[in-house]
There are 4 protein chains.
Amino acid sequence: MATTVVAGAAALRAGLSGPAGCVTEQPGFPDAGLPAMSDLVFGGHDIACTPLPKRAEQLVEAGVLPHGLPTAVHDDLASADAEIRPAPLPGPAMSQSDAVEAIRADITAFRERHGLARVVVVNVSSTEPVVTAHPAHSSARALRAALDAGEDVLPSSSLYALAAITAGCPHVDFTPSAGMRIPALREMAEEAGLPFAGNDGKTGETLLKATLGPMFAARGLRVRAWSGTNLLGGGDGETLADPAAMASKTASKQRVLTETLGHPVEGEVHIDYVPSLGDWKTAWDHVTFEGFLGVRMNLQFTWAGCDSALAAPLVLDLARLTARAHERGISGPLGELAFFFKDPVFKDPAGGGDHAVMSQYETLRAFATRLGAGL
Amino acid sequence: MATTVVAGAAALRAGLSGPAGCVTEQPGFPDAGLPAMSDLVFGGHDIACTPLPKRAEQLVEAGVLPHGLPTAVHDDLASADAEIRPAPLPGPAMSQSDAVEAIRADITAFRERHGLARVVVVNVSSTEPVVTAHPAHSSARALRAALDAGEDVLPSSSLYALAAITAGCPHVDFTPSAGMRIPALREMAEEAGLPFAGNDGKTGETLLKATLGPMFAARGLRVRAWSGTNLLGGGDGETLADPAAMASKTASKQRVLTETLGHPVEGEVHIDYVPSLGDWKTAWDHVTFEGFLGVRMNLQFTWAGCDSALAAPLVLDLARLTARAHERGISGPLGELAFFFKDPVFKDPAGGGDHAVMSQYETLRAFATRLGAGL
Amino acid sequence: MATTVVAGAAALRAGLSGPAGCVTEQPGFPDAGLPAMSDLVFGGHDIACTPLPKRAEQLVEAGVLPHGLPTAVHDDLASADAEIRPAPLPGPAMSQSDAVEAIRADITAFRERHGLARVVVVNVSSTEPVVTAHPAHSSARALRAALDAGEDVLPSSSLYALAAITAGCPHVDFTPSAGMRIPALREMAEEAGLPFAGNDGKTGETLLKATLGPMFAARGLRVRAWSGTNLLGGGDGETLADPAAMASKTASKQRVLTETLGHPVEGEVHIDYVPSLGDWKTAWDHVTFEGFLGVRMNLQFTWAGCDSALAAPLVLDLARLTARAHERGISGPLGELAFFFKDPVFKDPAGGGDHAVMSQYETLRAFATRLGAGL
Amino acid sequence: MATTVVAGAAALRAGLSGPAGCVTEQPGFPDAGLPAMSDLVFGGHDIACTPLPKRAEQLVEAGVLPHGLPTAVHDDLASADAEIRPAPLPGPAMSQSDAVEAIRADITAFRERHGLARVVVVNVSSTEPVVTAHPAHSSARALRAALDAGEDVLPSSSLYALAAITAGCPHVDFTPSAGMRIPALREMAEEAGLPFAGNDGKTGETLLKATLGPMFAARGLRVRAWSGTNLLGGGDGETLADPAAMASKTASKQRVLTETLGHPVEGEVHIDYVPSLGDWKTAWDHVTFEGFLGVRMNLQFTWAGCDSALAAPLVLDLARLTARAHERGISGPLGELAFFFKDPVFKDPAGGGDHAVMSQYETLRAFATRLGAGL
């Protein structure tokens with residue numbers, strides 16, 4: 001996905017592609033004072049080492065990127081590639097606090113090297129297994145103590161969230177991983193006056209659940225069962241074939257539904273790894289509902305999309321919106337960005353936000369106006 | 001559908017059935033001061049002569065009404081049946097103005113016989129062929145002159161709209177027919193201080209178009225083609241097998257889409273008459289859209305529902321809301337009820353209303369509050 | 001399902017229903033010399049105790065049986081109900097060999113009481129967990145020794161298969177359970193000159209896999225992935241929610257595909273228990289395949305059916321065909337009945353039969369001719 | 001499609017692509033003595049003038065041909081392109097008999113120039129409007145007389161069929177057009193001892209109707225309604241947007257169903273032109289059927305395929321099989337090739353052939369054996 005983000009930003013910049021799929025390129029956002037596409041500079045940490053230009057070629061083969069694009073935007077890919085650092089791997093040789101420090105150093109060096117006003121740290125890595133709570137997660141003080149004592153208490157996604165905080169950077173979690181959701185990190189981010197957003201980009205089945213669910217509720221049509229099967233190839237599909245990882249994903253997928261409808265429903269969510277689908281995914285949902293006088297009816301839908309083409313523009317949207325929020329001095333969880341997420345973070349950690357896509361969109365539009373017009 | 005309306009209202013009244021599918025029975029409406037289900041009295045005009053209790057038994061066979069319901073609510077069906085009058089048929093023997101007068105007389109007699117505060121006239125007849133404009137449609141004055149001269153200038157649906165006006169009754173058009181949309185009639189209704197609503201209840205494919213369309217727009221996903229096929233049995237399916245009638249229906253179905261997306265899209269809408277489906281209908285839609293970097297993706301859905309179970313509760317909702325609006329002295333087109341219609345009438349005859357279902361729902365909720373709290 | 005079998009046979013007998021769904025009532029079978037529907041007498045063992053007439057009423061509510069049928073065929077339901085015995089439950093109080101003897105005694109008493117030419121034992125109980133091999137399964141001799149020694153070595157489905165053998169009855173296994181597939185039992189059935197058939201009736205997704213798979217193969221279209229999700233309510237859905245039981249079911253579902261296409265394919269099969277679906281089931285399959293020059297295409301289908309309406313007539317077909325085979329002195333596994341099964345038994349225990357539905361149908365038609373014309 | 005045929009044959013020849021989608025490249029055909037892919041030489045008549053190499057590039061953009069293929073097989077495309085002649089257009093300046101003579105001359109010159117054993121004329125042009133019968137169609141004699149008299153009595157597809165006859169060439173009609181189906185032409189082809197095949201390649205919806213229909217029949221499941229909508233971009237979609245042309249197409253689509261099921265069914269077939277789909281097509285079918293005790297169930301499928309990738313390999317199959325039939329002295333309508341067609345021609349002009357795909361496949365396999373082993 002990172003490759004599509006960089007190539008896509010370059011394509012937009014160069015006018016090689018239209019704004020389709022990019023929310024902040026649509027009407028309603030030009031006056032929000034967002035950083036221009038052309039002002040964005042890309043870098044990152046990675047565990048793989050395939051150069052971006054090569055990956056871009058692979059994405060052309062996969063039908064994700066248009067032919068000729070990798071060549072047309074080669075320089076952008078190459079300069080982003082030059083800013084990718086191997087991900088520090090904590091272990092016997094490196095404590096978690098040393099890893100956080102190494103990541104922080106990379107981020108600040110990147111910011112200085114390019115004279116950037118700010119850096120937004122976005123987690124686009126694969127889904128992490130569900131994290132088990134640890135006493136050190138409960139407060140900034142407890143966490144600092146544990147890390148200083150050389151303990152390993154954080155999941156990998158949270159090391160980057162902590163590094164973002166220590167580097168004074170806003171943070172966006174596009175995955176269902178823990179990231180900034182460790183209470184201690186939320187506390188530290190708020191102390192540091194940093195905005196953050198997440199979790200888990202809403203790009204397919206859940207987007208439709210959050211669109212159709214409110215319609216059923218508004219019409220008083222009682223959903224009895226909502227069953228879904230997601231067929232995924234590509235890296236994420238493989239990760240999610242691991243039940244541990246899938247658990248956190250399906251949980252956030254079903255939460256949306258229960259909270260939207262106001263009552264639990266029958267049905268399961270499956271995520272199947274189908275390698276030959278490559279970067280494409282298909283979601284099939286089957287919904288049974290009761291209407292007037294208890295008559296049973298049903299709705300089925302099939303969503304066939306390209307995962308990175310759906311996700312990449314949202315990453316650009318989130319980076320621009322979060323950067324602007326930081327510029328305007330807005331801090332803490334950006335619940336106003338719930339439109340983008342399956343499992344949005346809100347000021348009230350208990351959540352209680354609205355999952356209805358169109359309400360989330362109204363909230364986002366209002367936020368954009370606020371970002372433009374001032375607080 | 002009329003049978004389901006009467007039987008359903010009785011079932012709700014008797015607590016034999018839950019509120020599913022009935023919008024005004026959901027949270028947000030109890031304080032709107034709507035007439036109670038138990039205060040509704042039913043009557044009407046019909047061209048068929050099967051008694052309601054017999055039709056109710058047929059609907060049980062068709063799986064629309066639960067077993068035992070016709071027996072349980074037999075008295076309600078019988079008393080409504082006693083209030084059904086043969087529809088006056090203008091022709092050589094009867095001028096249109098005589099027909100209007102006959103309808104008006106039936107309505108006022110019905111109102112007086114039951115000592116009703118008001119009568120809401122609802123058109124639930126089959127779809128009418130598209131009406132060709134006539135000079136007499138342009139103003140109340142021209143229309144009165146033509147009718148006084150014994151001319152036949154109105155489609156049948158508009159005769160009932162005119163009778164409603166002369167009887168001082170609000171009017172709801174649940175069909176795509178002309179009804180109150182003749183400019184002369186709008187003018188007369190507004191003169192008479194009467195509220196009216198319409199047109200064409202939104203119960204399936206169009207409900208989903210108006211739900212999904214705004215999501216595509218909000219995400220900046222560019223819809224290229226939206227193709228739909230509707231399989232209908234029952235009376236409406238048969239009527240719509242007539243291309244003339246279908247024309248008015250498909251027109252309103254596609255308008256929603258163009259107005260929601262802000263641009264025309266490829267694709268056709270078909271309405272097929274499939275007798276063996278009886279009262280059931282299936283809508284299949286296939287949507288192709290362009291995402292980031294022009295990648296093509298698609299969404300398909302299949303909506304399988306029972307036509308009268310979807311429509312009947314909305315007729316009850318509309319009767320209650322329109323009656324309350326009349327009671328509160330609100331007159332003219334009730335654009336606030338757009339949530340219920342494919343082709344809503346607005347104060348501004350040019351339309352220009354929002355077709356997004358969830359915005360329409362917010363408008364409806366606000367209207368309910370206004371109906372309750374006062375103007 | 002047993003209730004639907006009895007009620008359906010009675011309805012056919014009484015001319016209350018047509019032959020739809022019943023293979024042996026279609027052209028090609030009248031000359032096979034099958035026992036007439038009206039010659040069938042029903043009895044059985046059950047662990048539940050709801051009387052058949054009451055169950056029939058429940059099936060009317062569920063939309064499986066037509067209204068009035070339970071009343072119309074009440075006598076048939078009552079007499080079958082009078083022939084249902086509590087299933088002997090081996091345990092501390094009763095050895096497996098005692099249980100087999102008790103079942104045998106019930107069967108022979110039933111046969112004598114009604115002066116029947118023969119009894120066909122059909123297993124229509126819920127799916128059993130996969131059975132682990134046991135040395136006593138390897139030969140008739142080993143099995144007899146183990147049972148005589150009072151050991152518990154057989155799954156419950158096989159106790160009935162053994163009882164059928166000792167009672168001299170043909171046996172049909174409509175489930176994926178072990179039943180007659182224990183080598184020792186096959187050996188004993190062949191010694192006893194008894195025909196038997198199975199396993200696991202083909203009524204939905206697998207029927208379509210076995211219909212569409214051969215088409216892909218004949219056209220040289222290479223299937224890459226075949227993913228399926230089955231939504232089931234009712235008793236079987238509940239049993240299959242148990243992963244152990246599901247394992248044996250999904251195994252036979254996928255075997256059909258691999259054997260039909262001649263190569264393994266990607267994709268999983270899910271069976272979800274959705275209680276509100278009741279006796280109805282929906283299967284969704286998504287197939288991706290490669291055509292000329294490697295172009296990727298796909299086929300999706302959704303099969304929405306009523307489980308017992310699909311299965312019950314096949315039970316009648318199998319009982320009639322197996323009874324006739326027994327009458328004609330045909331013994332051993334009836335591979336000619338593969339048309340009815342997901343996992344057919346063949347003379348060659350290694351299987352190696354053709355899974356293509358239409359070839360299986362030709363084989364069945366030829367078998368019917370043979371049953372009629374003589375060996 | 002012609003471009004895909006030539007490029008695909010070259011790719012197979014060069015081992016750049018596998019045999020997927022090409023029936024005669026699958027097991028069962030190697031011993032039929034078919035001409036080798038590498039022995040095929042391509043030429044033709046066209047009304048368009050885009051060179052094949054350019055069209056191949058367009059097909060790469062459309063996702064039909066793999067990248068790099070046009071370059072890899074450029075020579076083959078160029079030499080086929082050099083053999084494409086402008087289609088003679090009868091009109092004021094040219095009588096139909098002159099056009100036939102011009103076409104014949106091109107064909108024989110092509111055959112001699114390349115020293116070919118034989119030429120198979122294949123019609124892959126767009127669908128023609130339904131032809132109205134003309135007295136001159138009734139016999140060879142009447143037709144010759146009319147043409148000699150300079151009358152225009154044949155549709156364009158039949159001019160090529162006649163030219164094929166006069167040039168002594170077998171003929172294949174891959175379209176629903178009249179082609180060889182004019183009685184006079186059948187008579188002349190049989191007089192000339194030439195084999196011919198057609199009509200209308202079976203590549204999507206109809207392939208599935210002919211696969212699923214027999215399953216419903218074998219199971220005694222009574223199909224009540226079969227509704228279908230076909231979304232097509234590309235040239236054929238545009239032609240079929242013309243109701244006249246569509247008529248002949250939908251007619252052959254529905255005939256298959258009625259003949260397969262043995263009774264007429266409710267439901268319509270739509271063919272919609274959706275330009276943005278390009279060379280891709282989607283067919284959606286909705287089937288309702290009755291099972292045991294009249295229970296209503298349904299099946300839906302969606303077939304999403306690439307039109308020319310589905311059709312092109314069949315054109316190669318048909319050319320090879322028909323050439324071999326000609327070599328073996330087989331003449332007249334090749335009903336054994338029904339597997340490939342929606343509306344097969346049979347010896348008995350009244351038709352009466354089997355539409356079941358798998359039976360047609362068995363017939364084809366037997367024919368292949370006969371072609372190899374001798375008559």
# chains A, B, ... in the order shown; residues from 1 in each chain; ligands from 1
$ interface_residues --of "chain B" --to "chain C" --cutoff "10 Å" --atoms "only C-alpha atoms" --output "ChimeraX atom specification"
/B:60-61,63,66-67
$ write_last_selection --atoms "N, CA, C and O atoms" --output "PDB file, in the first residue's frame"
ATOM      1  N   VAL B  60     -52.298 -14.355   3.075  1.00  0.00           N
ATOM      2  CA  VAL B  60     -51.717 -15.387   3.937  1.00  0.00           C
ATOM      3  C   VAL B  60     -51.093 -16.464   3.060  1.00  0.00           C
ATOM      4  O   VAL B  60     -49.933 -16.853   3.241  1.00  0.00           O
ATOM      5  N   GLU B  61     -51.844 -16.898   2.058  1.00  0.00           N
ATOM      6  CA  GLU B  61     -51.319 -17.913   1.130  1.00  0.00           C
ATOM      7  C   GLU B  61     -50.022 -17.436   0.499  1.00  0.00           C
ATOM      8  O   GLU B  61     -49.093 -18.201   0.288  1.00  0.00           O
ATOM      9  N   GLY B  63     -47.845 -15.637   1.793  1.00  0.00           N
ATOM     10  CA  GLY B  63     -46.760 -15.481   2.760  1.00  0.00           C
ATOM     11  C   GLY B  63     -46.540 -14.046   3.204  1.00  0.00           C
ATOM     12  O   GLY B  63     -45.514 -13.711   3.781  1.00  0.00           O
ATOM     13  N   PRO B  66     -49.295 -13.104   8.416  1.00  0.00           N
ATOM     14  CA  PRO B  66     -49.157 -14.307   9.252  1.00  0.00           C
ATOM     15  C   PRO B  66     -50.484 -15.056   9.332  1.00  0.00           C
ATOM     16  O   PRO B  66     -51.554 -14.453   9.245  1.00  0.00           O
ATOM     17  N   HIS B  67     -50.382 -16.388   9.514  1.00  0.00           N
ATOM     18  CA  HIS B  67     -51.593 -17.202   9.644  1.00  0.00           C
ATOM     19  C   HIS B  67     -52.399 -16.743  10.817  1.00  0.00           C
ATOM     20  O   HIS B  67     -51.855 -16.310  11.813  1.00  0.00           O
TER      21      HIS B  67
END
$ residues_around --residues "stretch 71-76 of chain A" --least-positions-apart "6" --cutoff "10 Å" --atoms "only C-alpha atoms" --output "list of chain:residue names"
A:Val6, A:Ala7, A:Gly8, A:Ala9, A:Ala10, A:Ala11, A:Arg13, A:Ala14, A:Leu16, A:Val41, A:Phe42, A:Leu52, A:Pro53, A:Lys54, A:Ala56, A:Glu57, A:Ala82
$ atom_distance --atom1 "atom CA of A:Gly204" --atom2 "atom CA of D:His270"
29.5 Å
$ residues_around --residues "B:Ala117" --least-positions-apart "5" --cutoff "12 Å" --atoms "only C-alpha atoms" --output "list in words"
Pro35, Asp39, Leu40, Val41, Thr108, Phe110, Arg111, Glu112, Gly168, Cys169, Pro170, Ala323, Arg324, His326 and Glu327 of chain B
$ write_last_selection --atoms "N, CA, C and O atoms" --output "mmCIF file, in the first residue's frame"
data_model
loop_
_atom_site.group_PDB
_atom_site.id
_atom_site.type_symbol
_atom_site.label_atom_id
_atom_site.label_comp_id
_atom_site.auth_asym_id
_atom_site.auth_seq_id
_atom_site.Cartn_x
_atom_site.Cartn_y
_atom_site.Cartn_z
ATOM 1 N N PRO B 35 -51.662 11.054 15.263
ATOM 2 C CA PRO B 35 -52.862 10.303 15.654
ATOM 3 C C PRO B 35 -52.467 8.863 16.005
ATOM 4 O O PRO B 35 -51.578 8.286 15.364
ATOM 5 N N ASP B 39 -56.770 5.345 16.388
ATOM 6 C CA ASP B 39 -57.723 6.394 15.987
ATOM 7 C C ASP B 39 -57.977 6.384 14.481
ATOM 8 O O ASP B 39 -58.845 7.101 13.995
ATOM 9 N N LEU B 40 -57.206 5.567 13.753
ATOM 10 C CA LEU B 40 -57.363 5.564 12.295
ATOM 11 C C LEU B 40 -58.604 4.781 11.886
ATOM 12 O O LEU B 40 -58.889 3.714 12.445
ATOM 13 N N VAL B 41 -59.342 5.325 10.934
ATOM 14 C CA VAL B 41 -60.510 4.649 10.347
ATOM 15 C C VAL B 41 -60.257 4.575 8.843
ATOM 16 O O VAL B 41 -59.789 5.549 8.247
ATOM 17 N N THR B 108 -66.626 13.198 2.089
ATOM 18 C CA THR B 108 -67.224 13.992 3.190
ATOM 19 C C THR B 108 -68.236 13.144 3.952
ATOM 20 O O THR B 108 -68.287 13.192 5.180
ATOM 21 N N PHE B 110 -68.114 9.969 4.442
ATOM 22 C CA PHE B 110 -67.287 9.074 5.271
ATOM 23 C C PHE B 110 -66.816 9.814 6.523
ATOM 24 O O PHE B 110 -66.948 9.329 7.650
ATOM 25 N N ARG B 111 -66.345 11.050 6.311
ATOM 26 C CA ARG B 111 -65.841 11.848 7.434
ATOM 27 C C ARG B 111 -66.949 12.116 8.447
ATOM 28 O O ARG B 111 -66.766 11.937 9.646
ATOM 29 N N GLU B 112 -68.122 12.476 7.901
ATOM 30 C CA GLU B 112 -69.221 12.799 8.829
ATOM 31 C C GLU B 112 -69.740 11.546 9.529
ATOM 32 O O GLU B 112 -69.922 11.520 10.744
ATOM 33 N N GLY B 168 -61.483 19.396 1.248
ATOM 34 C CA GLY B 168 -60.652 19.946 2.326
ATOM 35 C C GLY B 168 -59.756 18.921 2.991
ATOM 36 O O GLY B 168 -59.534 18.949 4.197
ATOM 37 N N CYS B 169 -59.241 17.993 2.190
ATOM 38 C CA CYS B 169 -58.416 16.912 2.750
ATOM 39 C C CYS B 169 -56.964 16.970 2.270
ATOM 40 O O CYS B 169 -56.722 17.236 1.090
ATOM 41 N N PRO B 170 -56.015 16.663 3.163
ATOM 42 C CA PRO B 170 -54.630 16.476 2.737
ATOM 43 C C PRO B 170 -54.558 15.295 1.758
ATOM 44 O O PRO B 170 -55.461 14.446 1.748
ATOM 45 N N ALA B 323 -51.657 13.919 8.458
ATOM 46 C CA ALA B 323 -52.810 14.324 9.274
ATOM 47 C C ALA B 323 -52.355 15.329 10.349
ATOM 48 O O ALA B 323 -52.973 16.385 10.550
ATOM 49 N N ARG B 324 -51.234 15.008 10.992
ATOM 50 C CA ARG B 324 -50.736 15.898 12.039
ATOM 51 C C ARG B 324 -50.321 17.253 11.443
ATOM 52 O O ARG B 324 -50.611 18.312 12.010
ATOM 53 N N HIS B 326 -51.605 18.686 8.887
ATOM 54 C CA HIS B 326 -52.869 19.396 8.621
ATOM 55 C C HIS B 326 -53.403 19.997 9.918
ATOM 56 O O HIS B 326 -53.767 21.169 9.972
ATOM 57 N N GLU B 327 -53.348 19.175 10.971
ATOM 58 C CA GLU B 327 -53.826 19.641 12.281
ATOM 59 C C GLU B 327 -53.030 20.867 12.725
ATOM 60 O O GLU B 327 -53.590 21.810 13.284
#
$ residues_around --residues "C:Ala136" --least-positions-apart "2" --cutoff "10 Å" --atoms "only C-alpha atoms" --output "CSV table (one decimal) with N, CA, C and O atoms, in the first residue's frame"
chain,number,residue,atom,x,y,z
C,133,ALA,N,-9.9,-44.3,13.5
C,133,ALA,CA,-9.9,-45.8,13.2
C,133,ALA,C,-9.6,-46.6,14.5
C,133,ALA,O,-9.0,-46.1,15.4
C,134,HIS,N,-10.0,-47.8,14.5
C,134,HIS,CA,-9.8,-48.7,15.6
C,134,HIS,C,-9.5,-50.1,15.0
C,134,HIS,O,-10.0,-50.5,14.0
C,138,SER,N,-11.1,-53.3,11.3
C,138,SER,CA,-10.5,-53.8,10.1
C,138,SER,C,-11.1,-55.0,9.5
C,138,SER,O,-11.0,-55.2,8.3
C,139,SER,N,-11.8,-55.8,10.3
C,139,SER,CA,-12.4,-57.1,9.7
C,139,SER,C,-13.6,-57.4,10.5
C,139,SER,O,-13.7,-57.1,11.7
C,140,ALA,N,-14.5,-58.2,9.9
C,140,ALA,CA,-15.7,-58.7,10.5
C,140,ALA,C,-15.3,-59.5,11.8
C,140,ALA,O,-15.9,-59.3,12.9
C,141,ARG,N,-14.3,-60.3,11.6
C,141,ARG,CA,-13.8,-61.1,12.7
C,141,ARG,C,-13.4,-60.3,13.9
C,141,ARG,O,-13.9,-60.5,15.1
C,142,ALA,N,-12.6,-59.3,13.7
C,142,ALA,CA,-12.1,-58.4,14.7
C,142,ALA,C,-13.2,-57.7,15.4
C,142,ALA,O,-13.3,-57.5,16.6
C,143,LEU,N,-14.2,-57.2,14.6
C,143,LEU,CA,-15.3,-56.5,15.1
C,143,LEU,C,-16.1,-57.3,16.0
C,143,LEU,O,-16.5,-57.0,17.2
C,144,ARG,N,-16.5,-58.5,15.5
C,144,ARG,CA,-17.3,-59.4,16.3
C,144,ARG,C,-16.6,-59.7,17.7
C,144,ARG,O,-17.3,-59.6,18.7
C,145,ALA,N,-15.3,-60.0,17.6
C,145,ALA,CA,-14.6,-60.3,18.9
C,145,ALA,C,-14.7,-59.1,19.8
C,145,ALA,O,-15.0,-59.3,21.0
C,146,ALA,N,-14.5,-57.9,19.3
C,146,ALA,CA,-14.5,-56.8,20.2
C,146,ALA,C,-15.8,-56.6,20.8
C,146,ALA,O,-15.9,-56.3,22.1
C,147,LEU,N,-16.9,-56.7,20.0
C,147,LEU,CA,-18.2,-56.5,20.6
C,147,LEU,C,-18.6,-57.6,21.6
C,147,LEU,O,-19.1,-57.3,22.6
C,151,GLU,N,-16.6,-54.5,24.3
C,151,GLU,CA,-16.0,-53.2,24.0
C,151,GLU,C,-16.9,-52.3,23.3
C,151,GLU,O,-17.7,-52.7,22.5
C,152,ASP,N,-16.6,-51.0,23.5
C,152,ASP,CA,-17.3,-49.9,22.7
C,152,ASP,C,-16.4,-49.5,21.6
C,152,ASP,O,-15.5,-48.7,21.9
C,153,VAL,N,-16.6,-50.0,20.4
C,153,VAL,CA,-15.6,-49.7,19.3
C,153,VAL,C,-16.3,-49.0,18.1
C,153,VAL,O,-15.6,-48.6,17.2
C,154,LEU,N,-17.6,-48.9,18.2
C,154,LEU,CA,-18.3,-48.3,17.0
C,154,LEU,C,-18.9,-47.0,17.3
C,154,LEU,O,-19.4,-46.7,18.4
C,182,ILE,N,-17.3,-48.5,7.9
C,182,ILE,CA,-16.3,-49.2,8.6
C,182,ILE,C,-16.0,-50.5,7.8
C,182,ILE,O,-16.9,-51.2,7.5
C,183,PRO,N,-14.7,-50.7,7.5
C,183,PRO,CA,-14.4,-51.9,6.6
C,183,PRO,C,-15.1,-53.2,7.1
C,183,PRO,O,-15.6,-54.0,6.3
C,184,ALA,N,-15.1,-53.4,8.4
C,184,ALA,CA,-15.7,-54.6,9.0
C,184,ALA,C,-17.1,-54.7,8.6
C,184,ALA,O,-17.6,-55.8,8.3
$ select_by_dssp --residues "stretch 6-232 of chain B" --states "strand (DSSP E or B)" --output "VMD selection string"
chain B and resid 44 to 46 84 to 86 91 94 121 to 123 171 to 173 195 to 198 201 222 to 232
$ residues_around --residues "D:Asn230" --least-positions-apart "4" --cutoff "9 Å" --atoms "only C-alpha atoms" --output "ChimeraX atom specification"
/D:205,269-273,281-285
$ residues_around --residues "B:Pro176" --least-positions-apart "5" --cutoff "12 Å" --atoms "only C-alpha atoms" --output "ChimeraX atom specification"
/B:123-131,157-158,181,197-202,236,240,245-253,341-345
$ select_by_dssp --residues "stretch 85-328 of chain D" --states "helix (DSSP H, G or I)" --output "JSON, numbers by chain"
{"D": [96, 97, 98, 99, 100, 101, 102, 103, 104, 105, 106, 107, 108, 109, 110, 111, 112, 113, 135, 136, 137, 140, 141, 142, 143, 144, 145, 146, 147, 148, 156, 157, 158, 159, 160, 161, 162, 163, 164, 165, 166, 179, 180, 181, 183, 184, 185, 186, 187, 188, 189, 190, 191, 205, 206, 207, 208, 209, 210, 211, 212, 213, 214, 215, 216, 217, 218, 219, 234, 235, 236, 237, 238, 239, 240, 243, 244, 245, 246, 247, 248, 249, 250, 251, 252, 253, 254, 255, 256, 257, 258, 259, 260, 261, 275, 276, 277, 292, 293, 294, 307, 308, 309, 310, 311, 312, 313, 314, 315, 316, 317, 318, 319, 320, 321, 322, 323, 324, 325, 326, 327]}
$ closest_residue --among "C:Cys22, C:Val122, C:Ala338, C:Leu321" --to "C:Thr175" --atoms "only C-alpha atoms"
C:Val122
$ residues_around --residues "stretch 261-267 of chain C" --least-positions-apart "6" --cutoff "6 Å" --atoms "only C-alpha atoms" --output "number ranges by chain"
A: 274; C: 217, 224-227
